[in-house]
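Listing of input-v6.cif; format and content: mmCIF, C-alpha atoms.
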data_run
#
loop_
_atom_site.label_atom_id
_atom_site.label_comp_id
_atom_site.auth_asym_id
_atom_site.auth_seq_id
_atom_site.Cartn_x
_atom_site.Cartn_y
_atom_site.Cartn_z
CA MET A 1 47.55 167.95 163.28
CA SER A 2 48.82 170.75 165.47
CA GLY A 3 52.33 172.11 165.37
CA SER A 4 52.17 173.44 168.92
CA LYS A 5 52.40 170.11 170.69
CA LYS A 6 55.88 168.91 171.59
CA GLN A 7 56.74 165.23 171.27
CA THR A 8 59.65 163.02 172.17
CA VAL A 9 62.16 162.96 169.34
CA LYS A 10 65.07 160.62 168.70
CA PHE A 11 66.63 162.32 165.70
CA SER A 12 68.23 165.67 165.04
CA LYS A 13 66.56 168.77 163.67
CA GLU A 14 68.61 168.33 160.48
CA THR A 15 67.18 164.84 159.98
CA TYR A 16 63.60 166.05 160.29
CA LEU A 17 64.36 168.94 157.92
CA TYR A 18 65.75 166.44 155.42
CA TRP A 19 62.74 164.16 155.81
CA TYR A 20 60.27 167.01 155.44
CA GLU A 21 61.85 168.45 152.32
CA LEU A 22 62.37 165.07 150.68
CA MET A 23 58.82 163.87 151.36
CA LEU A 24 57.36 167.17 150.22
CA LEU A 25 59.37 167.00 146.99
CA LEU A 26 58.10 163.48 146.30
CA ARG A 27 54.51 164.55 147.03
CA ARG A 28 54.63 167.66 144.85
CA PHE A 29 56.37 165.82 142.01
CA GLU A 30 53.68 163.15 142.01
CA GLU A 31 50.87 165.67 142.23
CA LYS A 32 52.30 167.48 139.22
CA ALA A 33 52.71 164.18 137.37
CA GLY A 34 49.05 163.39 137.99
CA GLN A 35 48.03 166.81 136.71
CA LEU A 36 50.15 166.48 133.57
CA TYR A 37 48.77 163.00 132.96
CA GLY A 38 45.29 164.49 132.93
CA MET A 39 46.53 166.98 130.35
CA GLN A 40 47.83 164.03 128.26
CA LYS A 41 51.40 165.30 128.40
CA ILE A 42 52.27 162.04 130.14
CA ARG A 43 51.01 158.87 128.51
CA GLY A 44 50.91 155.17 129.27
CA PHE A 45 50.92 153.70 132.76
CA CYS A 46 51.53 155.96 135.74
CA HIS A 47 51.57 154.77 139.36
CA LEU A 48 51.86 157.51 141.99
CA TYR A 49 53.67 157.24 145.33
CA ILE A 50 51.43 159.72 147.18
CA GLY A 51 51.04 158.64 150.82
CA GLN A 52 54.07 156.34 150.92
CA GLU A 53 56.77 159.01 151.19
CA ALA A 54 57.87 158.07 154.72
CA VAL A 55 59.15 154.74 153.40
CA ALA A 56 61.61 156.44 151.06
CA ALA A 57 62.62 158.98 153.70
CA GLY A 58 63.33 156.43 156.43
CA CYS A 59 65.25 154.16 154.07
CA MET A 60 67.47 156.97 152.86
CA THR A 61 68.71 157.97 156.32
CA ALA A 62 69.39 154.34 157.24
CA THR A 63 71.57 153.59 154.20
CA ARG A 64 74.66 154.86 152.39
CA PRO A 65 74.90 156.27 148.85
CA GLU A 66 76.73 153.10 147.77
CA ASP A 67 73.80 150.90 148.73
CA ILE A 68 71.44 149.79 145.98
CA PHE A 69 67.69 150.32 145.67
CA ILE A 70 65.51 148.30 143.31
CA THR A 71 61.73 148.43 143.15
CA ALA A 72 58.61 147.78 141.09
CA TYR A 73 56.67 150.15 138.84
CA ARG A 74 55.66 152.63 141.58
CA ASP A 75 59.17 153.97 141.32
CA HIS A 76 59.16 157.77 141.00
CA GLY A 77 59.53 158.48 144.71
CA LEU A 78 62.33 156.04 145.42
CA ALA A 79 64.25 157.15 142.32
CA ILE A 80 64.18 160.80 143.32
CA ALA A 81 65.01 159.94 146.92
CA LYS A 82 68.05 157.98 145.75
CA GLY A 83 69.32 161.01 143.87
CA VAL A 84 68.01 160.62 140.33
CA SER A 85 67.27 164.23 139.37
CA SER A 86 63.67 165.38 139.28
CA LYS A 87 64.40 166.90 135.87
CA SER A 88 65.47 163.59 134.33
CA CYS A 89 62.54 161.84 136.02
CA MET A 90 59.99 164.28 134.64
CA ALA A 91 61.61 164.09 131.21
CA GLU A 92 61.28 160.31 131.34
CA LEU A 93 57.57 160.65 132.06
CA PHE A 94 57.33 162.87 128.98
CA GLY A 95 59.23 160.28 126.91
CA LYS A 96 62.06 162.71 126.20
CA ALA A 97 65.66 161.87 125.31
CA THR A 98 66.93 163.57 128.47
CA GLY A 99 64.95 161.18 130.66
CA CYS A 100 66.67 158.90 133.16
CA SER A 101 66.00 155.98 130.79
CA LYS A 102 66.46 158.06 127.63
CA GLY A 103 62.72 158.40 127.22
CA LYS A 104 62.33 154.71 126.46
CA GLY A 105 61.30 153.39 129.88
CA GLY A 106 58.50 155.66 130.90
CA SER A 107 56.90 155.80 134.32
CA MET A 108 57.50 152.16 135.22
CA HIS A 109 61.16 151.91 134.26
CA PHE A 110 63.21 154.63 135.93
CA PHE A 111 66.94 153.90 136.23
CA GLY A 112 69.92 155.71 137.72
CA VAL A 113 73.06 153.62 137.54
CA LYS A 114 75.42 156.18 139.09
CA GLU A 115 72.86 156.82 141.84
CA ARG A 116 72.68 153.05 142.46
CA PHE A 117 69.00 152.90 141.54
CA PHE A 118 68.34 149.82 139.42
CA GLY A 119 64.67 150.21 138.52
CA GLY A 120 61.65 150.48 138.10
CA HIS A 121 60.35 147.03 136.90
CA GLY A 122 57.00 146.42 135.27
CA ILE A 123 56.71 142.67 135.83
CA VAL A 124 55.13 142.01 139.22
CA GLY A 125 57.71 140.52 141.58
CA ALA A 126 60.53 140.26 139.03
CA GLN A 127 62.68 142.72 140.97
CA ILE A 128 62.71 140.42 144.00
CA GLY A 129 65.00 137.94 142.26
CA THR A 130 66.99 140.67 140.56
CA GLY A 131 67.57 142.37 143.91
CA ALA A 132 69.01 139.17 145.34
CA GLY A 133 71.22 138.90 142.24
CA LEU A 134 72.54 142.40 142.84
CA ALA A 135 73.25 141.43 146.46
CA PHE A 136 75.09 138.32 145.29
CA ALA A 137 77.26 140.55 143.08
CA GLU A 138 78.11 142.84 146.01
CA LYS A 139 79.05 139.87 148.17
CA TYR A 140 81.09 138.35 145.34
CA LYS A 141 83.00 141.60 144.92
CA GLY A 142 83.73 141.73 148.64
CA THR A 143 81.96 145.00 149.42
CA ASP A 144 79.83 145.64 152.49
CA ASN A 145 77.12 147.33 150.43
CA VAL A 146 73.54 146.21 150.87
CA VAL A 147 70.58 146.02 148.49
CA LEU A 148 67.12 147.23 149.41
CA THR A 149 64.58 145.32 147.34
CA PHE A 150 61.11 146.86 147.42
CA PHE A 151 57.88 145.15 146.42
CA GLY A 152 54.18 145.42 147.13
CA ASP A 153 51.76 143.21 149.00
CA GLY A 154 50.50 141.81 145.68
CA ALA A 155 54.00 140.73 144.65
CA ALA A 156 54.36 138.92 147.98
CA ARG A 157 52.10 136.22 146.46
CA GLN A 158 54.45 135.53 143.55
CA GLY A 159 56.43 132.31 143.46
CA ILE A 160 59.71 134.10 142.82
CA LEU A 161 59.58 135.48 146.36
CA HIS A 162 59.87 132.01 147.87
CA GLU A 163 62.61 130.87 145.51
CA THR A 164 64.56 134.04 146.21
CA PHE A 165 64.08 133.87 149.98
CA ASN A 166 65.46 130.33 149.98
CA LEU A 167 68.63 131.22 148.07
CA ALA A 168 69.13 134.52 149.87
CA MET A 169 69.12 132.80 153.25
CA THR A 170 71.17 129.85 152.05
CA TRP A 171 73.88 132.18 150.72
CA LYS A 172 73.43 134.86 153.42
CA LEU A 173 73.09 137.61 150.83
CA PRO A 174 73.22 141.27 151.94
CA VAL A 175 69.67 142.04 150.84
CA ILE A 176 66.79 143.72 152.69
CA PHE A 177 63.39 142.71 151.36
CA ILE A 178 60.96 145.58 151.96
CA CYS A 179 57.28 144.91 151.39
CA GLU A 180 55.46 148.22 150.99
CA ASN A 181 52.11 146.91 152.14
CA ASN A 182 49.62 149.59 151.09
CA ASN A 183 46.69 147.19 151.68
CA TYR A 184 45.72 146.70 148.04
CA ALA A 185 47.12 144.71 145.13
CA MET A 186 45.58 146.85 142.41
CA GLY A 187 42.00 146.75 143.70
CA THR A 188 42.24 143.56 145.75
CA SER A 189 42.65 143.90 149.51
CA VAL A 190 45.23 141.84 151.37
CA GLN A 191 42.63 139.79 153.25
CA ARG A 192 41.19 138.55 149.95
CA THR A 193 44.51 137.15 148.71
CA SER A 194 45.75 135.06 151.63
CA ASN A 195 44.86 133.83 155.09
CA VAL A 196 48.30 135.10 156.18
CA MET A 197 47.72 138.84 156.31
CA ASP A 198 50.91 139.61 158.27
CA ILE A 199 53.32 139.45 155.38
CA TYR A 200 56.42 139.59 157.56
CA LYS A 201 55.56 136.07 158.76
CA LEU A 202 56.49 134.72 155.33
CA GLY A 203 60.11 134.95 156.45
CA ASP A 204 59.52 132.31 159.14
CA ALA A 205 59.61 129.45 156.63
CA TYR A 206 63.24 130.31 155.86
CA ASP A 207 64.35 131.37 159.36
CA MET A 208 64.71 134.86 157.93
CA PRO A 209 64.67 137.67 160.50
CA ALA A 210 61.52 139.71 159.92
CA ASP A 211 59.88 142.84 161.22
CA THR A 212 56.71 144.87 160.72
CA VAL A 213 56.68 148.65 161.09
CA ASP A 214 54.45 151.69 160.73
CA GLY A 215 55.19 153.03 157.26
CA MET A 216 53.55 156.39 157.91
CA VAL A 217 56.32 157.39 160.33
CA PRO A 218 59.87 157.87 158.99
CA GLU A 219 61.47 157.13 162.39
CA ALA A 220 59.94 153.65 162.47
CA VAL A 221 61.08 152.88 158.94
CA HIS A 222 64.58 154.17 159.67
CA ALA A 223 64.93 152.09 162.84
CA ALA A 224 63.86 148.83 161.18
CA VAL A 225 66.01 149.36 158.09
CA ASP A 226 68.98 150.43 160.20
CA ARG A 227 68.84 147.17 162.16
CA ALA A 228 68.57 145.11 158.99
CA VAL A 229 71.37 146.97 157.23
CA LYS A 230 73.76 146.46 160.15
CA ARG A 231 72.98 142.75 160.18
CA ALA A 232 73.58 142.47 156.43
CA ARG A 233 76.87 144.40 156.54
CA GLU A 234 78.13 142.10 159.26
CA GLY A 235 77.40 139.00 157.17
CA GLY A 236 74.14 138.08 158.87
CA GLY A 237 72.20 137.83 155.63
CA PRO A 238 68.73 139.05 154.63
CA THR A 239 65.84 140.58 156.53
CA LEU A 240 62.20 140.88 155.55
CA ILE A 241 60.52 144.13 156.59
CA GLU A 242 56.80 144.63 156.14
CA VAL A 243 56.18 148.36 156.01
CA LYS A 244 52.50 149.11 156.56
CA THR A 245 51.82 152.16 154.45
CA TYR A 246 48.99 153.53 152.32
CA ARG A 247 48.48 155.09 148.91
CA TYR A 248 46.01 157.95 148.76
CA LYS A 249 45.37 157.54 145.05
CA GLY A 250 44.28 154.54 143.02
CA HIS A 251 46.60 151.80 141.86
CA SER A 252 47.35 153.80 138.73
CA MET A 253 46.00 156.89 137.02
CA SER A 254 43.31 154.76 135.38
CA ASP A 255 42.01 153.45 138.72
CA PRO A 256 39.10 155.38 140.34
CA ALA A 257 39.65 153.38 143.57
CA LYS A 258 35.95 152.69 144.16
CA TYR A 259 36.79 149.54 146.12
CA ARG A 260 37.51 151.52 149.30
CA THR A 261 35.58 154.11 151.27
CA LYS A 262 36.33 157.82 151.52
CA GLU A 263 36.38 157.37 155.29
CA GLU A 264 39.21 154.84 155.02
CA VAL A 265 41.32 157.19 152.92
CA GLU A 266 40.63 160.14 155.23
CA GLU A 267 41.62 158.07 158.25
CA TYR A 268 45.08 157.54 156.79
CA LYS A 269 45.37 161.17 155.71
CA GLN A 270 45.00 162.14 159.35
CA ARG A 271 48.39 160.45 159.81
CA ASP A 272 50.05 162.09 156.84
CA PRO A 273 53.86 161.69 157.14
CA ILE A 274 54.57 165.16 155.75
CA ASP A 275 52.29 166.83 158.29
CA TYR A 276 53.93 164.69 160.95
CA ALA A 277 57.42 165.88 160.02
CA LYS A 278 56.27 169.49 159.87
CA ASP A 279 54.58 169.25 163.28
CA THR A 280 57.76 167.80 164.76
CA LEU A 281 59.85 170.63 163.33
CA THR A 282 57.56 173.40 164.54
CA GLY A 283 56.54 171.77 167.81
CA SER A 284 59.78 170.21 169.03
CA PHE A 285 62.49 172.27 167.32
CA GLY A 286 60.87 175.67 167.07
CA VAL A 287 61.14 175.90 163.30
CA THR A 288 59.18 178.92 162.14
CA GLU A 289 56.49 179.11 159.51
CA ASP A 290 58.82 181.31 157.46
CA GLU A 291 61.42 178.54 157.44
CA ILE A 292 58.77 176.02 156.42
CA GLU A 293 57.58 178.34 153.65
CA ALA A 294 61.15 178.67 152.37
CA ILE A 295 61.33 174.88 152.01
CA ASN A 296 57.93 174.81 150.33
CA ALA A 297 59.03 177.46 147.85
CA ARG A 298 62.26 175.61 147.08
CA VAL A 299 60.36 172.40 146.39
CA LYS A 300 57.81 174.19 144.23
CA GLN A 301 60.59 175.75 142.17
CA GLU A 302 62.33 172.40 141.68
CA VAL A 303 59.14 170.77 140.41
CA GLU A 304 58.39 173.70 138.10
CA GLU A 305 61.92 173.55 136.70
CA SER A 306 61.58 169.82 136.10
CA VAL A 307 58.45 170.41 134.01
CA LYS A 308 60.13 173.20 132.03
CA PHE A 309 63.12 170.95 131.41
CA ALA A 310 60.87 168.12 130.20
CA GLU A 311 58.83 170.41 127.97
CA GLU A 312 61.92 171.84 126.30
CA SER A 313 63.84 168.56 125.93
CA PRO A 314 64.04 166.82 122.54
CA TRP A 315 62.34 163.57 121.61
CA PRO A 316 64.62 160.52 121.19
CA ASP A 317 66.05 160.04 117.71
CA ALA A 318 64.76 157.14 115.64
CA ASP A 319 68.19 155.47 115.72
CA GLU A 320 67.77 155.03 119.48
CA LEU A 321 65.05 152.43 118.96
CA LEU A 322 67.26 149.33 119.13
CA LYS A 323 69.97 150.71 121.41
CA ASP A 324 70.21 149.45 124.98
CA VAL A 325 67.96 146.50 124.14
CA TYR A 326 70.37 144.07 122.55
CA LYS A 327 73.38 144.10 120.25
CA GLN A 328 72.44 144.13 116.58
CA GLU A 329 75.35 141.83 115.66
CA ASP A 330 74.06 139.19 118.07
CA TYR A 331 70.80 139.00 116.12
CA PRO A 332 71.77 138.86 112.42
CA PHE A 333 68.24 137.85 111.39
CA ILE A 334 67.01 141.36 112.32
CA VAL A 335 67.37 143.67 109.34
CA ASP A 336 67.16 147.41 109.12
#

Target format structure tokens, applied to this file:
Amino acid sequence: MSGSKKQTVKFSKETYLYWYELMLLLRRFEEKAGQLYGMQKIRGFCHLYIGQEAVAAGCMTATRPEDIFITAYRDHGLAIAKGVSSKSCMAELFGKATGCSKGKGGSMHFFGVKERFFGGHGIVGAQIGTGAGLAFAEKYKGTDNVVLTFFGDGAARQGILHETFNLAMTWKLPVIFICENNNYAMGTSVQRTSNVMDIYKLGDAYDMPADTVDGMVPEAVHAAVDRAVKRAREGGGPTLIEVKTYRYKGHSMSDPAKYRTKEEVEEYKQRDPIDYAKDTLTGSFGVTEDEIEAINARVKQEVEESVKFAEESPWPDADELLKDVYKQEDYPFIVD
């Protein structure tokens, strides 16, 4: 991409600066996580968000801090975008006590209650129903907050989606269902799982408003989410948004991604959302390379500090094992 070409823009310079820095932070955090996984400093499952950063960026500018995000196990990017500190996220990957889930959740179970980020869920599709439950709670309490419930194209085939869609529409819950369609459910392409490849059409069975957008462009994501959020705040109920995005890496760190061609991956990389934001800043707003480098350096420092924090943090104490799981007195048959 070239930064010299001007393009029509609909957002302010400050918005593009925010998008660029946020997406770059998510990219560099994930790249570092992948590196540390290879060094065996991070164990267990690890699903990277590399390539999908525009989804998080567009959703953030279309929502308020009080709004809730809930997602599946590819959760690092959305957690950091929502405000969960990169230090606590990296510490969680290390399994340290200072992690956002006290070192007990790991990569797939990030949480940030004060940031209104409710997971990180390892069971495919489970967060779809939970997201509607959170929306029911907001409606019950009389707020105008909305819930953004993220799931992948694989989870779109789970039965809980249909049960949840039915209730969400019946009760007009303030929930936005966002399918991050990155073309593959683990290693299985969308066209091999259903004859309905346009996932947004699943909303038709419930008369749910639905949309499909380019997930490699933050403006497109913002516009679709903004429309849906306004509808939900005004009592119009749910919306299904299919965001067509792409992950550059495999499903998880253990996936060599041999089921797709190098040419396919390179084609998407030509539309990299971070390059796009940078080109807009330099081409349409005259942002200098020195200004870009200052952002790059700030992001690099934040990631490095997150690793240092994780390295130096303590492991959880043994007495933490049964905390936050259930109350001991409720299960008297469990002995120490």

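Distances to Asp226 in chain A were evaluated for A:Gly77, A:Glu66, A:Ile241, A:Gly125 using only C-alpha atoms, and the minimum falls at A:Ile241.
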
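Among the candidates A:Ala318, A:Ala210, A:Ala297, A:Met39, the residue lying nearest to Glu21 in chain A is A:Ala297 (atoms considered: only C-alpha atoms).
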
With a distance cut-off of 10 Å and all atoms listed in the file, select the neighbouring residues of range 86-90 of chain A, excluding the residue or stretch itself and same-chain residues fewer than 3 positions from it, and output the selection as a ChimeraX atom specification.
-> /A:25-26,29-30,32-33,42,76-77,79-81,83,93-103,106-107,110-112,302-311,313

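Going from CA of Ala277 in chain A over to CA of Gln52 in chain A, you cover 13.6 Å.
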
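Residue nearest Gly236 in chain A, chosen from A:Leu173, A:Met216, A:Leu167, A:Ile70 and counting all atoms listed in the file: A:Leu173.
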
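Using all atoms listed in the file, the shortest contact distance between Ala220 in chain A and any of A:Ser12, A:Ser254, A:Thr61, A:Ser85 is found at A:Thr61.
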
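In this structure, CA of Ala57 in chain A sits 8.5 Å away from CA of Tyr20 in chain A.
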
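Applied to the shown file, the PyMOL selection byres ((chain A and resi 295) around 10) selects the residues Leu17, Tyr20, Glu21, Leu22, Leu24, Leu25, Glu289, Asp290, Glu291, Ile292, Glu293, Ala294, Asn296, Ala297, Arg298, Val299, Lys300 and Gln301 of chain A.
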
For a cut-off of 6 Å around (66.1, 140.6, 157.2), file coordinates, pick out all residues using only C-alpha atoms and list them as a PyMOL selection string.
-> chain A and resi 176+208-210+228+238-240

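Within the 8 Å cut-off around Thr149 in chain A, using all atoms listed in the file and omitting residues fewer than 5 positions from it on the same chain, the listed residues are Phe69, Ile70, Thr71, Gln127, Ile128, Gly131, Ala132, Val175, Ile176, Phe177 and Ile178 of chain A.
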
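From CA of Met197 in chain A back to CA of Thr170 in chain A, the distance works out to 25.5 Å.
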
Would you list the contacts of Lys139 in chain A as a PyMOL selection string, taking every protein, DNA or RNA residue within 9 Å and counting all atoms listed in the file, but skipping same-chain residues closer than 6 positions in sequence?
-> chain A and resi 145-146+173-174
